[in-house]
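Before any comments, here is the structure.
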Amino acid sequence: MAFAGPQITGISLLFHILVICIFKIKSIWKKFIEIFFHPTHQDAKK
Amino acid sequence: MKIKKQIAILIPAHNEEYVIESTIKAVEKLVDKRDIYIVDDGSTDNTCKIAKSKLKNILVTENRGKANAINAGINHFNLTKKYEFIFLIDADTRPKADFLEKSLRHFKNDKKQNIYCVIGRVKVSRRNWISLYRQWEYQVSYKIHKKAQEYTKSILVSPGCATIYRSKIFDLLKFPRGTMTEDMDFTFLMHRKGFSKMIFEKDAIVYTLDPHTVKDFVIQINRWYTGFWQVVKKHEIPWHGQMLDFEAALLAIEGLYNGILVAFLMICCITLLVYGNMSILIYPLLFDLFLFFIPSLIWSMLEDKNFKMILYIPNFYFLRLLSSVIFLKSFINGYLSVQKEHVWNSTRYQQGGNK
């Protein structure tokens with residue numbers, strides 16, 4: 001069974017696209033923080 | 001302590017003589033023959049004979065439904081003690097050769113062992129306009145809906161044809177009976193018991209046989225939708241405060257709204273045909289067409305690299321309207337009336353393997 005909802009285009013679609021965008025941005029932000037502000041990175045700088 | 005083997009494949013089957021051999025061939029490419037298990041749930045055709053000619057691990061049970069067949073297979077073969085993971089697939093399903101590689105890496109990276117299942121992506125294996133419609137549905141529902149549900153820990157269904165489970169989940173939970181969609185029922189049960197961490201892997205692909213006629217399409221979605229409402233009722237959506245409650249309620253309300261709207265528009269359509277002005281119906285249609293349907297279709301075509309879909313827009317609208325009305329009808333059958341037990345659908349595998 002591959003059910004995802006009775007009407008796959010509508011408000012739920014917009015909502016889910018929004019959720020994916022938020023989580024993608026969150027993961028990019030995390031990577032950004034890790035690269036530029038990670039303690040080991042700062043130690044290496046010193 | 002005995003070391004567990006990695007993965008078993010369990011195939012529940014009922015009257016699958018047209019497809020069982022090709023399914024066995026496909027899964028033999030993934031694991032050793034000794035790790036493939038089939039439960040023949042009271043088939044009246046040659047399923048058992050064909051399976052026995054190919055494999056040793058065959059269990060024959062009375063015809064008591066898919067949930068029972070899965071539970072019986074796991075218990076009889078003692079799979080939870082022998083294996084780390086159990087891959088459940090339908091007898092009409094062919095996983096891609098790299099399915100295990102793509103899926104199992106999530107378990108390997110999960111040091112805390114709190115992922116209880118990895119869900120693959122379903123694609124249609126044959127193409128006519130109905131299966132193309134289904135392909136569009138799969139693209140949107142898996143790559144957008146299920147992906148978002150994974151993020152919010154509210155995956156509605158781990159499909160019975162494309163899910164690998166950590167075997168110890170079956171020491172804690174059994175596949176529940178009493179609804180027409182046992183895989184959705186089990187997924188809801190996992191959420192309720194706190195096993196909400198499920199992973200969707202878009203590159204782990206299985207091919208299934210999907211309906212090729214409108215009649216088969218109606219039978220299939222009627223079963224899915226009725227099962228959905230039974231599960232919603234059984235698990236008391238939306239009263240438990242989980243993300244699952246929000247997700248299921250959102251889809252249920254949207255589906256009901258669409259069903260009522262379509263029914264209303266159909267009545268309006270007849271009235272307006274008689275009395276004149278049809279323009280009032282054009283605006284909602286254009287809104288849906290340009291805001292939702294065409295963009296999702298273009299995206300789906302690009303993803304699938306199949307541009308035939310564009311030829312069938314009117315046909316797709318017909319199936320969408322049909323789906324909305326059936327969803328409304330199944331609300332009455334599944335939610336408002338007495339629960340029905342899942343029975344194997346005897347029309348699923350007629351000559352040629354139509355599901």
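Each chain in the structure tokens gets a letter, A, B and so on, in the order shown; residues start at 1 in every chain, and ligands are counted from 1 in the order they appear.
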Every residue of region 43-259 of chain B that DSSP places in alpha helix (DSSP H), as a ChimeraX atom specification
/B:47-54,66-76,79-82,99-109,129-140,147-151,169-172,182-192,214-234,243-259
Which residues come within 7 Å of region 174-190 of chain B, counting only C-alpha atoms, excluding same-chain residues fewer than 3 positions away, as an MDAnalysis selection string?
chainID B and resid 67 71 156:160 170 193:196 223:224 227:228 230:231 339:342
Within 6 Å of chain A, which residues of chain B show up when using only C-alpha atoms, listed as a PDB file with all heavy atoms, in the first residue's frame?
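And here's iface.pdb as it stands now:
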ATOM      1  N   SER B 141       3.482  11.878  -3.514  1.00  0.00           N
ATOM      2  CA  SER B 141       3.204  11.404  -2.163  1.00  0.00           C
ATOM      3  C   SER B 141       4.463  10.913  -1.449  1.00  0.00           C
ATOM      4  O   SER B 141       4.587  11.070  -0.238  1.00  0.00           O
ATOM      5  CB  SER B 141       2.133  10.316  -2.171  1.00  0.00           C
ATOM      6  OG  SER B 141       2.579   9.202  -2.885  1.00  0.00           O
ATOM      7  N   HIS B 145       5.233  14.398   0.375  1.00  0.00           N
ATOM      8  CA  HIS B 145       4.471  14.126   1.597  1.00  0.00           C
ATOM      9  C   HIS B 145       5.262  13.252   2.586  1.00  0.00           C
ATOM     10  O   HIS B 145       5.404  13.593   3.750  1.00  0.00           O
ATOM     11  CB  HIS B 145       3.150  13.440   1.248  1.00  0.00           C
ATOM     12  CG  HIS B 145       2.176  14.339   0.559  1.00  0.00           C
ATOM     13  ND1 HIS B 145       1.162  14.994   1.215  1.00  0.00           N
ATOM     14  CD2 HIS B 145       2.064  14.705  -0.730  1.00  0.00           C
ATOM     15  CE1 HIS B 145       0.470  15.724   0.351  1.00  0.00           C
ATOM     16  NE2 HIS B 145       0.998  15.560  -0.847  1.00  0.00           N
ATOM     17  N   ALA B 148       8.339  14.971   4.123  1.00  0.00           N
ATOM     18  CA  ALA B 148       7.967  15.917   5.184  1.00  0.00           C
ATOM     19  C   ALA B 148       7.511  15.167   6.434  1.00  0.00           C
ATOM     20  O   ALA B 148       7.834  15.547   7.559  1.00  0.00           O
ATOM     21  CB  ALA B 148       6.861  16.839   4.683  1.00  0.00           C
ATOM     22  N   PRO B 159       4.822   1.177   3.885  1.00  0.00           N
ATOM     23  CA  PRO B 159       4.102   0.278   2.981  1.00  0.00           C
ATOM     24  C   PRO B 159       4.538  -1.180   3.128  1.00  0.00           C
ATOM     25  O   PRO B 159       5.731  -1.467   3.278  1.00  0.00           O
ATOM     26  CB  PRO B 159       4.479   0.796   1.589  1.00  0.00           C
ATOM     27  CG  PRO B 159       5.151   2.086   1.787  1.00  0.00           C
ATOM     28  CD  PRO B 159       5.653   2.145   3.173  1.00  0.00           C
ATOM     29  N   LEU B 251      -4.898  15.390   6.477  1.00  0.00           N
ATOM     30  CA  LEU B 251      -5.217  14.700   5.229  1.00  0.00           C
ATOM     31  C   LEU B 251      -6.684  14.264   5.183  1.00  0.00           C
ATOM     32  O   LEU B 251      -7.322  14.307   4.139  1.00  0.00           O
ATOM     33  CB  LEU B 251      -4.298  13.497   5.036  1.00  0.00           C
ATOM     34  CG  LEU B 251      -2.833  13.856   4.774  1.00  0.00           C
ATOM     35  CD1 LEU B 251      -1.954  12.629   4.806  1.00  0.00           C
ATOM     36  CD2 LEU B 251      -2.668  14.573   3.443  1.00  0.00           C
ATOM     37  N   GLY B 255      -9.279  15.724   2.509  1.00  0.00           N
ATOM     38  CA  GLY B 255      -9.930  14.759   1.617  1.00  0.00           C
ATOM     39  C   GLY B 255     -11.441  14.868   1.682  1.00  0.00           C
ATOM     40  O   GLY B 255     -12.129  14.823   0.661  1.00  0.00           O
ATOM     41  N   PHE B 292      -1.788  23.975  -8.379  1.00  0.00           N
ATOM     42  CA  PHE B 292      -1.368  22.673  -7.849  1.00  0.00           C
ATOM     43  C   PHE B 292      -1.040  21.647  -8.927  1.00  0.00           C
ATOM     44  O   PHE B 292       0.026  21.062  -8.939  1.00  0.00           O
ATOM     45  CB  PHE B 292      -2.467  22.086  -6.946  1.00  0.00           C
ATOM     46  CG  PHE B 292      -2.704  22.865  -5.704  1.00  0.00           C
ATOM     47  CD1 PHE B 292      -3.933  23.441  -5.455  1.00  0.00           C
ATOM     48  CD2 PHE B 292      -1.700  23.023  -4.763  1.00  0.00           C
ATOM     49  CE1 PHE B 292      -4.158  24.159  -4.299  1.00  0.00           C
ATOM     50  CE2 PHE B 292      -1.914  23.739  -3.613  1.00  0.00           C
ATOM     51  CZ  PHE B 292      -3.145  24.311  -3.372  1.00  0.00           C
TER      52      PHE B 292
END
Long-range neighbours of Glu101 (chain B) as a list in words, 12 Å cut-off, only C-alpha atoms, 2 positions minimum in chain
Ile7, Leu30, Val31, Pro95, Lys96, Ala97, Asp98, Phe99, Ser103, Leu104, Arg105, His106, Phe107, Lys108, Val118, Gly120, Ile164, Glu201, Asp203, Ala204 and Ile205 of chain B
